[in-house]
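One file, work26.cif, is given below (mmCIF, C-alpha atoms).
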```
data_input
loop_
_atom_site.label_atom_id
_atom_site.label_comp_id
_atom_site.auth_asym_id
_atom_site.auth_seq_id
_atom_site.Cartn_x
_atom_site.Cartn_y
_atom_site.Cartn_z
CA MET A 13 133.44 101.56 -5.70
CA ILE A 14 130.02 101.50 -4.02
CA LYS A 15 129.59 98.79 -1.38
CA ILE A 16 126.78 96.39 -2.16
CA THR A 17 125.18 97.23 1.20
CA GLU A 18 124.91 100.84 -0.03
CA LYS A 19 123.65 100.10 -3.53
CA ASP A 20 120.19 101.27 -4.56
CA SER A 21 117.30 99.00 -3.66
CA ASN A 22 115.88 96.77 -6.37
CA TYR A 23 112.59 98.52 -5.66
CA ASN A 24 111.64 102.15 -6.23
CA HIS A 25 108.83 104.53 -5.30
CA LEU A 26 108.31 102.65 -2.04
CA GLU A 27 106.08 105.44 -0.77
CA LYS A 28 103.64 104.73 -3.59
CA MET A 29 103.34 101.03 -2.78
CA SER A 30 100.42 99.54 -0.88
CA VAL A 31 101.19 97.99 2.49
CA ASN A 32 100.73 94.56 0.93
CA GLU A 33 103.25 95.35 -1.82
CA ILE A 34 105.76 96.60 0.75
CA LEU A 35 105.38 93.48 2.90
CA LYS A 36 105.70 91.14 -0.08
CA GLY A 37 108.79 92.98 -1.28
CA ILE A 38 110.47 92.77 2.12
CA ASN A 39 109.58 89.09 2.44
CA LYS A 40 110.90 88.34 -1.05
CA GLU A 41 114.24 89.92 -0.16
CA ASP A 42 114.38 88.17 3.21
CA SER A 43 113.85 84.80 1.54
CA THR A 44 117.30 85.10 -0.08
CA VAL A 45 119.18 85.47 3.19
CA ALA A 46 119.28 81.82 4.30
CA ASN A 47 120.86 80.80 0.99
CA ALA A 48 123.55 83.46 1.37
CA VAL A 49 124.32 82.14 4.86
CA ASN A 50 124.37 78.55 3.59
CA LYS A 51 127.22 79.44 1.24
CA LYS A 52 129.38 80.34 4.26
CA ILE A 53 128.85 77.23 6.41
CA LYS A 54 132.38 75.97 5.75
CA LYS A 55 133.84 79.17 7.18
CA ILE A 56 131.41 79.14 10.11
CA ASN A 57 132.41 75.54 10.79
CA ILE A 58 136.08 76.50 10.97
CA LEU A 59 135.28 79.34 13.35
CA VAL A 60 133.11 77.25 15.69
CA ASN A 61 135.81 74.60 16.00
CA GLU A 62 138.35 77.26 16.92
CA VAL A 63 135.99 78.86 19.47
CA VAL A 64 135.26 75.47 21.08
CA LYS A 65 138.97 74.67 21.26
CA ARG A 66 139.66 77.94 23.08
CA MET A 67 136.68 77.71 25.43
CA GLU A 68 137.75 74.22 26.49
CA LYS A 69 141.00 75.84 27.62
CA GLY A 70 139.28 78.64 29.53
CA GLY A 71 138.88 81.15 26.70
CA ARG A 72 135.95 83.45 26.01
CA LEU A 73 134.09 84.68 22.95
CA PHE A 74 133.73 88.40 22.27
CA TYR A 75 131.40 90.04 19.77
CA ILE A 76 132.19 93.65 18.91
CA GLY A 77 130.22 95.98 16.65
CA ALA A 78 128.42 99.29 16.26
CA GLY A 79 124.75 100.13 15.82
CA THR A 80 122.57 97.21 14.74
CA SER A 81 125.59 94.92 14.47
CA GLY A 82 126.65 95.68 18.02
CA ARG A 83 123.13 95.17 19.33
CA LEU A 84 122.84 91.80 17.62
CA GLY A 85 126.07 90.67 19.26
CA ILE A 86 124.80 91.77 22.66
CA VAL A 87 121.51 89.92 22.16
CA ASP A 88 123.29 86.67 21.30
CA ALA A 89 125.77 86.99 24.16
CA SER A 90 123.07 87.83 26.72
CA GLU A 91 121.01 84.79 25.76
CA CYS A 92 123.79 82.26 26.36
CA PRO A 93 123.60 82.14 30.20
CA PRO A 94 119.81 81.61 30.45
CA THR A 95 119.70 79.22 27.51
CA PHE A 96 122.76 77.09 28.21
CA GLY A 97 123.50 77.78 31.88
CA VAL A 98 127.00 79.12 31.22
CA LYS A 99 128.50 81.80 33.45
CA GLN A 100 128.09 85.47 32.65
CA GLY A 101 131.15 86.69 30.78
CA LEU A 102 131.83 83.53 28.78
CA VAL A 103 130.27 85.22 25.75
CA VAL A 104 130.52 89.01 25.76
CA GLY A 105 128.90 91.55 23.46
CA LEU A 106 130.43 95.02 23.08
CA ILE A 107 128.91 97.98 21.25
CA ALA A 108 130.43 101.29 20.19
CA GLY A 109 129.22 103.94 22.61
CA GLY A 110 128.77 101.52 25.51
CA ASP A 111 125.57 100.19 27.06
CA LYS A 112 123.64 103.40 26.45
CA ALA A 113 124.05 102.78 22.71
CA ILE A 114 121.94 99.62 23.01
CA ARG A 115 118.78 101.73 23.12
CA LYS A 116 119.87 105.02 21.60
CA ALA A 117 122.41 105.79 18.89
CA VAL A 118 125.57 107.49 20.15
CA GLU A 119 126.83 109.95 17.54
CA PHE A 120 130.20 109.15 15.95
CA ALA A 121 130.92 106.37 18.49
CA GLU A 122 131.72 103.93 15.68
CA ASP A 123 134.29 106.26 14.13
CA SER A 124 137.03 105.69 16.72
CA LEU A 125 139.86 103.37 15.71
CA THR A 126 141.06 103.03 19.31
CA GLN A 127 137.95 102.68 21.49
CA GLY A 128 137.15 99.11 20.48
CA TRP A 129 140.47 97.85 21.80
CA LYS A 130 140.07 99.91 24.96
CA ASP A 131 136.67 98.30 25.54
CA LEU A 132 138.17 94.83 25.07
CA MET A 133 141.00 95.64 27.46
CA LYS A 134 138.45 96.37 30.20
CA HIS A 135 137.72 92.64 30.10
CA LYS A 136 141.41 91.71 30.28
CA ILE A 137 141.25 90.00 26.91
CA ASN A 138 144.04 87.48 26.27
CA LYS A 139 145.35 84.85 23.83
CA LYS A 140 142.83 82.25 24.97
CA ASP A 141 139.95 84.39 23.72
CA CYS A 142 138.33 84.89 20.33
CA VAL A 143 136.99 88.18 18.92
CA ILE A 144 134.35 88.37 16.21
CA GLY A 145 133.89 91.76 14.60
CA ILE A 146 130.36 92.35 13.33
CA ALA A 147 129.92 95.05 10.69
CA ALA A 148 127.55 95.00 7.73
CA SER A 149 129.73 97.49 5.86
CA GLY A 150 132.95 95.68 6.70
CA SER A 151 134.69 98.98 7.36
CA THR A 152 133.50 100.26 10.77
CA PRO A 153 136.55 101.93 12.42
CA TYR A 154 135.53 100.83 15.94
CA VAL A 155 135.63 97.20 14.82
CA LEU A 156 138.60 97.50 12.48
CA GLY A 157 140.84 99.07 15.11
CA ALA A 158 139.89 96.39 17.62
CA VAL A 159 140.65 93.42 15.38
CA LYS A 160 143.96 94.91 14.28
CA LYS A 161 145.08 95.23 17.90
CA CYS A 162 143.85 91.70 18.59
CA ASN A 163 145.99 90.42 15.75
CA GLU A 164 149.02 92.14 17.27
CA ALA A 165 148.21 90.48 20.59
CA LYS A 166 147.91 87.02 18.92
CA ILE A 167 144.19 86.80 19.69
CA LEU A 168 142.05 84.86 17.21
CA THR A 169 139.95 87.21 15.07
CA ALA A 170 136.95 86.64 12.82
CA CYS A 171 134.23 88.78 11.33
CA ILE A 172 130.67 88.71 10.06
CA VAL A 173 130.30 91.26 7.26
CA CYS A 174 127.98 91.75 4.28
CA ASN A 175 130.34 93.16 1.66
CA LYS A 176 132.88 91.15 -0.31
CA GLY A 177 136.57 91.96 0.08
CA SER A 178 136.03 94.45 2.92
CA VAL A 179 138.88 95.98 4.89
CA ILE A 180 137.79 94.19 8.05
CA SER A 181 137.72 90.82 6.23
CA LYS A 182 141.29 91.42 5.15
CA ASN A 183 142.34 92.02 8.75
CA VAL A 184 140.93 88.90 10.45
CA LYS A 185 141.98 85.25 10.40
CA ILE A 186 138.49 83.88 9.67
CA PRO A 187 136.34 86.21 7.54
CA ILE A 188 132.67 85.35 7.08
CA GLU A 189 131.25 87.45 4.25
CA VAL A 190 127.51 86.95 3.88
CA VAL A 191 126.63 89.02 0.82
CA VAL A 192 122.86 89.52 0.73
CA GLY A 193 122.72 92.30 -1.85
CA PRO A 194 121.02 95.71 -1.71
CA GLU A 195 118.50 96.32 1.06
CA PHE A 196 114.78 96.84 0.41
CA VAL A 197 115.26 100.37 1.78
CA THR A 198 118.59 101.51 0.35
CA GLY A 199 121.36 101.25 2.94
CA SER A 200 119.12 100.02 5.78
CA THR A 201 121.40 97.21 6.91
CA ARG A 202 119.23 96.43 9.91
CA MET A 203 117.13 94.50 7.37
CA LYS A 204 118.69 91.68 5.28
CA SER A 205 122.21 92.26 6.56
CA GLY A 206 121.00 92.24 10.15
CA THR A 207 118.99 89.08 9.54
CA ALA A 208 122.05 87.38 8.06
CA GLN A 209 124.22 88.42 11.00
CA LYS A 210 121.64 87.16 13.48
CA MET A 211 121.45 83.81 11.70
CA VAL A 212 125.23 83.38 11.76
CA LEU A 213 125.41 84.37 15.44
CA ASN A 214 122.71 81.81 16.27
CA MET A 215 124.73 79.16 14.48
CA ILE A 216 128.01 80.06 16.17
CA SER A 217 126.71 80.19 19.75
CA THR A 218 124.36 77.21 19.46
CA ALA A 219 126.87 74.92 17.77
CA THR A 220 129.54 75.96 20.26
CA MET A 221 127.34 75.23 23.27
CA ILE A 222 126.27 71.87 21.87
CA LYS A 223 129.92 70.85 21.40
CA LEU A 224 130.68 72.01 24.94
CA GLY A 225 128.08 69.55 26.23
CA ARG A 226 125.33 72.03 27.08
CA VAL A 227 122.66 70.09 25.17
CA LYS A 228 121.62 66.44 25.55
CA GLY A 229 119.63 64.87 22.75
CA ASN A 230 117.93 68.07 21.66
CA LYS A 231 117.21 69.51 25.10
CA MET A 232 118.71 72.46 27.01
CA LEU A 233 119.67 70.65 30.22
CA ASP A 234 121.33 73.69 31.76
CA MET A 235 118.72 76.37 31.03
CA GLN A 236 118.08 78.72 33.93
CA LEU A 237 114.67 78.19 35.50
CA THR A 238 113.73 81.85 35.64
CA ASN A 239 110.00 81.65 34.95
CA ASN A 240 107.03 79.27 35.10
CA LYS A 241 107.26 78.42 31.40
CA LEU A 242 110.84 77.20 31.79
CA ILE A 243 110.04 75.32 34.98
CA ASP A 244 107.21 73.55 33.15
CA ARG A 245 109.52 72.80 30.21
CA GLY A 246 112.16 71.37 32.54
CA THR A 247 109.59 69.30 34.40
CA ASN A 248 108.27 67.79 31.18
CA MET A 249 111.82 66.98 30.12
CA LEU A 250 112.24 64.99 33.33
CA VAL A 251 108.89 63.26 32.92
CA LYS A 252 110.01 62.04 29.50
CA GLN A 253 113.61 61.22 30.43
CA LEU A 254 112.86 59.43 33.70
CA ASN A 255 109.35 58.13 33.00
CA ILE A 256 108.02 59.57 36.27
CA PRO A 257 104.84 61.51 37.13
CA TYR A 258 104.78 65.27 36.57
CA LYS A 259 104.40 66.03 40.28
CA GLU A 260 107.46 63.98 41.19
CA ALA A 261 109.49 65.57 38.41
CA LEU A 262 108.51 69.04 39.57
CA SER A 263 109.49 68.24 43.14
CA LEU A 264 112.90 66.99 42.01
CA LEU A 265 113.45 70.03 39.83
CA LYS A 266 112.65 72.42 42.68
CA LYS A 267 115.05 70.52 44.92
CA HIS A 268 118.02 70.35 42.54
CA LYS A 269 117.37 73.60 40.56
CA SER A 270 118.59 72.08 37.30
CA VAL A 271 117.47 69.40 34.85
CA ARG A 272 121.04 68.17 34.57
CA LEU A 273 121.47 67.91 38.33
CA VAL A 274 118.21 65.99 38.67
CA LEU A 275 119.34 63.47 36.05
CA LYS A 276 122.70 63.13 37.73
CA ALA A 277 121.16 62.57 41.17
CA TYR A 278 118.48 60.20 39.85
CA ASN A 279 120.95 58.04 37.95
CA SER A 280 123.66 57.94 40.65
#
```

Please express what this file holds, its structure, as structure tokens.
Amino acid sequence: MIKITEKDSNYNHLEKMSVNEILKGINKEDSTVANAVNKKIKKINILVNEVVKRMEKGGRLFYIGAGTSGRLGIVDASECPPTFGVKQGLVVGLIAGGDKAIRKAVEFAEDSLTQGWKDLMKHKINKKDCVIGIAASGSTPYVLGAVKKCNEAKILTACIVCNKGSVISKNVKIPIEVVVGPEFVTGSTRMKSGTAQKMVLNMISTATMIKLGRVKGNKMLDMQLTNNKLIDRGTNMLVKQLNIPYKEALSLLKKHKSVRLVLKAYNS
């Protein structure tokens, strides 16, 4: 049986299309992705609650994947510290082939059934943690081997895949199957499948951090002030929250290095 992610595109003779036709076709396909994700919110909700429960007890969240899927996990994990002020290592992204595979494909790295678990073991993974396997196909050996070993070790497992009834889905506790259909370019899962995975990852990490108290109102109180744009954003947050002049807010922010710490000091 052919996986839906490998089925022929609904479009043909792409090379004969005008640029405008290509762009409209891609956009038409992309417009279906959010609805496919919406159908899986119940499962995502279950997963987020489990992740929050474990993080409150000192657990971590691991994303593990190969190729585009692995890169998407790394992007989401790497954005958590600057966005929410959490420590490095609370959310970890692992990719088949290691860090060098982030920029350049490593041949056959995804075909090992044992390397994924070895990579997790380097982080001393334990029962408090949660592992989410990301694989558009739902069959990547690197991911499959890792989640199977996690199950044996009583570690919570989940997945984000784009085929229904995949082997990985059958080997995790919380499967999230976002079926987006054939890609515009046949088999190019960096397109709709990748977009779906990115959307789900955004939902998981953002909802988790909100429930862990890393957002107040709708503001990122713990964002790292690593550039002038973020310093200005933080200053304006304080101006609004405390009803003080910009200059005073900036001075306080430079002193305390955090919007949250300024609010705490100001209100104490």

For the structure provided, state which residues fall under the PyMOL selection byres ((chain A and resi 166) around 12), and present them as a list in words.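 Output of the PyMOL selection byres ((chain A and resi 166) around 12): Ile137, Asn138, Lys139, Lys140, Asp141, Cys142, Val143, Val159, Lys160, Lys161, Cys162, Asn163, Glu164, Ala165, Ile167, Leu168, Thr169, Val184 and Lys185 of chain A.
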
For this file, the PyMOL selection byres ((chain A and resi 173) around 7) selects which residues, as JSON, numbers by chain? {"A": [146, 147, 148, 149, 150, 171, 172, 174, 175, 188, 189, 190]}

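The nearest approach to Gly97 of chain A among the residues A:Val118, A:Ile58, A:Leu237, A:Met215, with only C-alpha atoms taken into account, belongs to A:Leu237.
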
So the first atom is atom CA of Asn240 of chain A and the second is atom CA of Ala89 of chain A; what is the distance between them in Å, to one decimal place?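 According to the coordinates, atom CA of Asn240 of chain A and atom CA of Ala89 of chain A are separated by 23.0 Å.
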
If we draw a sphere of 12 Å around (132.3, 87.4, 30.5), which residues have at least one atom in it when counting only C-alpha atoms? Please report them as a ChimeraX atom specification. /A:67,70-75,86,89-90,92-93,98-106,132,134-137,141
